[in-house]
There are 2 protein chains.
Amino acid sequence: MYPSRIQNLINEFSRFPTIGPKTAERFIFYLLKKSPQDLERLSEMIKNLKTISFCPQCGNFAESNRCTICVDKRRDQTTICVVAEPQDLMAIEKTNDYRGLYHILGGVINAPQGLGPEQLQINQLLARIKKNNVREIILALNPDLEGETTLLYLINLLKSNPTFSWIKISRLARGLPMGSDLEYADEITLSNAIKRREII
Amino acid sequence: MYPSRIQNLINEFSRFPTIGPKTAERFIFYLLKKSPQDLERLSEMIKNLKTISFCPQCGNFAESNRCTICVDKRRDQTTICVVAEPQDLMAIEKTNDYRGLYHILGGVINAPQGLGPEQLQINQLLARIKKNNVREIILALNPDLEGETTLLYLINLLKSNPTFSWIKISRLARGLPMGSDLEYADEITLSNAIKRREII
């Protein structure tokens, strides 16, 4: 029904996360109201994503060689926070509560999707720990099936190797999120909140 | 925190309809996983939107001169369905219940947004009616404040001009939508459903 050029772009937008065909259509009508200059600019920005580079040390986005976090000598070089994706790093940075370095795994172990440990930046993490004087590894993975699997895999790997025996390993606290309602909390969350209750 | 190239694109996507900064971020991570070829292709498709042309008769999208609906001689040339935007035309076409022509106003009257009748394709509609042997005008506008305002404006314009006195004017039926629940229907909808009840 739509001209093919429009239908093809609707199909493309429909593959974007959270977007269905109706919203994809709305995107088209939004874009059709833009000036040719604006369309050209957006088009260039998308094309230029392919030239984005990543930090060779931690895997974060980088404008030049190492990322702004890795080159910042004021940050605690002895602590590495392990996250799955760059957006997790961004979320932690926004808290302003962490001043160490990061390591981005590039995903989590997900057997159904064929993602095993060998696809993640785990060897690079071990090499970093060996090379630098790392004192603590914070495992900051999502508290879901894949995150837990990856976490247990990493704990096992680190604990079983005598080279890493002197390193403190920690994980993010589990409990009730702020603003939540006991009544509607899921059982595992509530169970964690009780088991890990804070003594005051 | 993000490199400026990424942050700028997040800002662009945040202006897309229904999209907030979090979903815009997810778009970036989705796009970063695409191949340079795929990014290039998407980029080209967006750029090419500026060359989309519109039917000089009805305002629908057109690959060449007139749109596929206006050139289809099997369609009833004596009935014009007036809609606000091309997506409304698409929605009606999907029903397969209408075989006449269309006229796209290019919006609705919206005083707060500075959209008056002169910004809409109303003169073109009157010219079409005069020129062709039109027998019915179906006003297919959204049943909301702006749609009703535009509808009343058009009815008044057509009824007050003797040239159009022989034309049947209709509007889409108002009542309960399929799958709705009487209990949760809003008062205006339910009131319409009672007042316009169908005698069986």
# chains A, B, ... in the order shown; residues from 1 in each chain; ligands from 1
call {"tool": "residues_around", "arguments": {"residues": "Gln77 (chain B)", "least_positions_apart": "3", "cutoff": "9 Å", "atoms": "only C-alpha atoms", "output": "list in words"}}
result
Cys70, Lys73, Arg74, Ile80, Arg99, Gly100, Leu101, Asn132, Asn133 and Val134 of chain B
call {"tool": "write_last_selection", "arguments": {"atoms": "N, CA, C and O atoms", "output": "PDB file, in the first residue's frame"}}
result
ATOM      1  N   CYS B  70      -5.733   7.355  -7.239  1.00  0.00           N
ATOM      2  CA  CYS B  70      -6.334   8.321  -8.176  1.00  0.00           C
ATOM      3  C   CYS B  70      -6.301   7.825  -9.628  1.00  0.00           C
ATOM      4  O   CYS B  70      -7.181   8.160 -10.408  1.00  0.00           O
ATOM      5  N   LYS B  73      -9.004   3.541 -12.423  1.00  0.00           N
ATOM      6  CA  LYS B  73     -10.307   3.923 -12.988  1.00  0.00           C
ATOM      7  C   LYS B  73     -11.448   3.035 -12.499  1.00  0.00           C
ATOM      8  O   LYS B  73     -12.630   3.361 -12.694  1.00  0.00           O
ATOM      9  N   ARG B  74     -11.102   1.879 -11.876  1.00  0.00           N
ATOM     10  CA  ARG B  74     -12.163   1.002 -11.364  1.00  0.00           C
ATOM     11  C   ARG B  74     -12.758   1.556 -10.075  1.00  0.00           C
ATOM     12  O   ARG B  74     -13.786   1.105  -9.605  1.00  0.00           O
ATOM     13  N   ILE B  80     -15.652  11.078  -2.516  1.00  0.00           N
ATOM     14  CA  ILE B  80     -14.359  11.487  -1.963  1.00  0.00           C
ATOM     15  C   ILE B  80     -14.400  11.338  -0.449  1.00  0.00           C
ATOM     16  O   ILE B  80     -15.298  11.872   0.212  1.00  0.00           O
ATOM     17  N   ARG B  99     -14.240   2.018  -1.857  1.00  0.00           N
ATOM     18  CA  ARG B  99     -13.714   1.929  -3.222  1.00  0.00           C
ATOM     19  C   ARG B  99     -13.748   3.282  -3.926  1.00  0.00           C
ATOM     20  O   ARG B  99     -13.696   3.343  -5.161  1.00  0.00           O
ATOM     21  N   GLY B 100     -13.902   4.370  -3.177  1.00  0.00           N
ATOM     22  CA  GLY B 100     -13.910   5.696  -3.791  1.00  0.00           C
ATOM     23  C   GLY B 100     -12.522   6.326  -3.760  1.00  0.00           C
ATOM     24  O   GLY B 100     -11.524   5.640  -3.585  1.00  0.00           O
ATOM     25  N   LEU B 101     -12.479   7.644  -3.923  1.00  0.00           N
ATOM     26  CA  LEU B 101     -11.211   8.368  -3.894  1.00  0.00           C
ATOM     27  C   LEU B 101     -11.009   9.014  -2.512  1.00  0.00           C
ATOM     28  O   LEU B 101     -11.896   8.951  -1.659  1.00  0.00           O
ATOM     29  N   ASN B 132     -15.158  17.888 -10.749  1.00  0.00           N
ATOM     30  CA  ASN B 132     -15.613  16.525 -11.035  1.00  0.00           C
ATOM     31  C   ASN B 132     -17.059  16.350 -10.602  1.00  0.00           C
ATOM     32  O   ASN B 132     -17.617  17.156  -9.874  1.00  0.00           O
ATOM     33  N   ASN B 133     -17.621  15.261 -11.042  1.00  0.00           N
ATOM     34  CA  ASN B 133     -19.020  14.998 -10.768  1.00  0.00           C
ATOM     35  C   ASN B 133     -19.166  14.258  -9.433  1.00  0.00           C
ATOM     36  O   ASN B 133     -19.601  13.110  -9.392  1.00  0.00           O
ATOM     37  N   VAL B 134     -18.804  14.940  -8.338  1.00  0.00           N
ATOM     38  CA  VAL B 134     -18.786  14.295  -7.027  1.00  0.00           C
ATOM     39  C   VAL B 134     -20.192  14.224  -6.431  1.00  0.00           C
ATOM     40  O   VAL B 134     -20.930  15.198  -6.453  1.00  0.00           O
TER      41      VAL B 134
END
call {"tool": "select_by_dssp", "arguments": {"residues": "region 26-178 of chain A", "states": "helix (DSSP H, G or I)", "output": "ChimeraX atom specification"}}
result
/A:26-32,36-51,86-95,111-113,117-119,122-131,145-159,162-164
call {"tool": "closest_atom_pairs", "arguments": {"of": "chain B", "to": "chain A", "cutoff": "6 Å", "atoms": "only C-alpha atoms", "output": "CSV"}}
result
residue,atom,partner,partner_atom,distance
B:Pro36,CA,A:Lys50,CA,5.4
B:Leu39,CA,A:Lys47,CA,5.5
B:Glu40,CA,A:Lys47,CA,5.3
B:Ser43,CA,A:Ser43,CA,4.4
B:Ile46,CA,A:Ser43,CA,5.9
B:Lys47,CA,A:Glu40,CA,5.3
B:Lys50,CA,A:Pro36,CA,5.4
call {"tool": "closest_residue", "arguments": {"among": "A:Tyr184, A:Tyr102, A:Phe164, A:Tyr153", "to": "Lys130 (chain A)", "atoms": "only C-alpha atoms"}}
result
A:Phe164
call {"tool": "residues_around", "arguments": {"residues": "Arg196 (chain B)", "least_positions_apart": "6", "cutoff": "9 Å", "atoms": "only C-alpha atoms", "output": "ChimeraX atom specification"}}
result
/B:173-175
call {"tool": "closest_residue", "arguments": {"among": "A:Ser14, A:Gln121, A:Asn110, A:Ser165", "to": "Leu145 (chain A)", "atoms": "only C-alpha atoms"}}
result
A:Asn110
call {"tool": "select_by_dssp", "arguments": {"residues": "region 4-126 of chain A", "states": "strand (DSSP E)", "output": "PDB file with N, CA and C atoms, in the first residue's frame"}}
result
ATOM      1  N   SER A  53      34.723   4.071  17.930  1.00  0.00           N
ATOM      2  CA  SER A  53      35.754   3.123  18.366  1.00  0.00           C
ATOM      3  C   SER A  53      35.588   2.801  19.844  1.00  0.00           C
ATOM      4  N   PHE A  54      36.241   1.754  20.262  1.00  0.00           N
ATOM      5  CA  PHE A  54      36.100   1.269  21.622  1.00  0.00           C
ATOM      6  C   PHE A  54      37.453   1.257  22.323  1.00  0.00           C
ATOM      7  N   PHE A  61      33.050   3.020  24.978  1.00  0.00           N
ATOM      8  CA  PHE A  61      33.209   3.894  23.813  1.00  0.00           C
ATOM      9  C   PHE A  61      34.422   4.776  24.012  1.00  0.00           C
ATOM     10  N   ALA A  62      35.119   5.061  22.917  1.00  0.00           N
ATOM     11  CA  ALA A  62      36.288   5.931  23.028  1.00  0.00           C
ATOM     12  C   ALA A  62      36.352   6.837  21.814  1.00  0.00           C
ATOM     13  N   ASP A  76      40.463   5.247  40.938  1.00  0.00           N
ATOM     14  CA  ASP A  76      41.083   4.132  41.649  1.00  0.00           C
ATOM     15  C   ASP A  76      41.422   3.023  40.649  1.00  0.00           C
ATOM     16  N   GLN A  77      42.728   2.844  40.399  1.00  0.00           N
ATOM     17  CA  GLN A  77      43.170   1.880  39.390  1.00  0.00           C
ATOM     18  C   GLN A  77      43.167   0.445  39.921  1.00  0.00           C
ATOM     19  N   THR A  78      42.842   0.277  41.200  1.00  0.00           N
ATOM     20  CA  THR A  78      42.938  -1.064  41.794  1.00  0.00           C
ATOM     21  C   THR A  78      41.579  -1.768  41.873  1.00  0.00           C
ATOM     22  N   THR A  79      40.526  -1.077  41.430  1.00  0.00           N
ATOM     23  CA  THR A  79      39.192  -1.683  41.468  1.00  0.00           C
ATOM     24  C   THR A  79      38.622  -1.745  40.058  1.00  0.00           C
ATOM     25  N   ILE A  80      38.114  -2.908  39.664  1.00  0.00           N
ATOM     26  CA  ILE A  80      37.491  -3.050  38.351  1.00  0.00           C
ATOM     27  C   ILE A  80      36.046  -3.496  38.542  1.00  0.00           C
ATOM     28  N   CYS A  81      35.142  -2.742  37.945  1.00  0.00           N
ATOM     29  CA  CYS A  81      33.723  -3.087  37.982  1.00  0.00           C
ATOM     30  C   CYS A  81      33.383  -3.770  36.653  1.00  0.00           C
ATOM     31  N   VAL A  82      32.942  -5.021  36.727  1.00  0.00           N
ATOM     32  CA  VAL A  82      32.664  -5.801  35.514  1.00  0.00           C
ATOM     33  C   VAL A  82      31.192  -5.663  35.141  1.00  0.00           C
ATOM     34  N   VAL A  83      30.930  -5.158  33.934  1.00  0.00           N
ATOM     35  CA  VAL A  83      29.546  -5.002  33.476  1.00  0.00           C
ATOM     36  C   VAL A  83      29.372  -5.721  32.137  1.00  0.00           C
ATOM     37  N   GLY A 100      36.255   3.758  40.483  1.00  0.00           N
ATOM     38  CA  GLY A 100      37.253   2.820  39.959  1.00  0.00           C
ATOM     39  C   GLY A 100      37.153   2.710  38.452  1.00  0.00           C
ATOM     40  N   LEU A 101      37.725   1.631  37.910  1.00  0.00           N
ATOM     41  CA  LEU A 101      37.688   1.386  36.468  1.00  0.00           C
ATOM     42  C   LEU A 101      36.603   0.363  36.135  1.00  0.00           C
ATOM     43  N   TYR A 102      36.413   0.133  34.843  1.00  0.00           N
ATOM     44  CA  TYR A 102      35.382  -0.813  34.397  1.00  0.00           C
ATOM     45  C   TYR A 102      35.985  -1.872  33.496  1.00  0.00           C
ATOM     46  N   HIS A 103      35.214  -2.932  33.303  1.00  0.00           N
ATOM     47  CA  HIS A 103      35.534  -3.888  32.247  1.00  0.00           C
ATOM     48  C   HIS A 103      34.222  -4.361  31.623  1.00  0.00           C
ATOM     49  N   ILE A 104      34.082  -4.156  30.328  1.00  0.00           N
ATOM     50  CA  ILE A 104      32.832  -4.510  29.656  1.00  0.00           C
ATOM     51  C   ILE A 104      32.982  -5.881  29.004  1.00  0.00           C
TER      52      ILE A 104
END
call {"tool": "residues_around", "arguments": {"residues": "Ile167 (chain B)", "least_positions_apart": "6", "cutoff": "8 Å", "atoms": "only C-alpha atoms", "output": "NGL selection string"}}
result
:B and (134-137)
call {"tool": "write_last_selection", "arguments": {"atoms": "C-alpha atoms", "output": "PDB file, in the first residue's frame"}}
result
ATOM      1  CA  VAL B 134     -18.786  14.295  -7.027  1.00  0.00           C
ATOM      2  CA  ARG B 135     -21.887  12.863  -5.359  1.00  0.00           C
ATOM      3  CA  GLU B 136     -20.739  12.110  -1.812  1.00  0.00           C
ATOM      4  CA  ILE B 137     -18.167  13.524   0.582  1.00  0.00           C
TER       5      ILE B 137
END
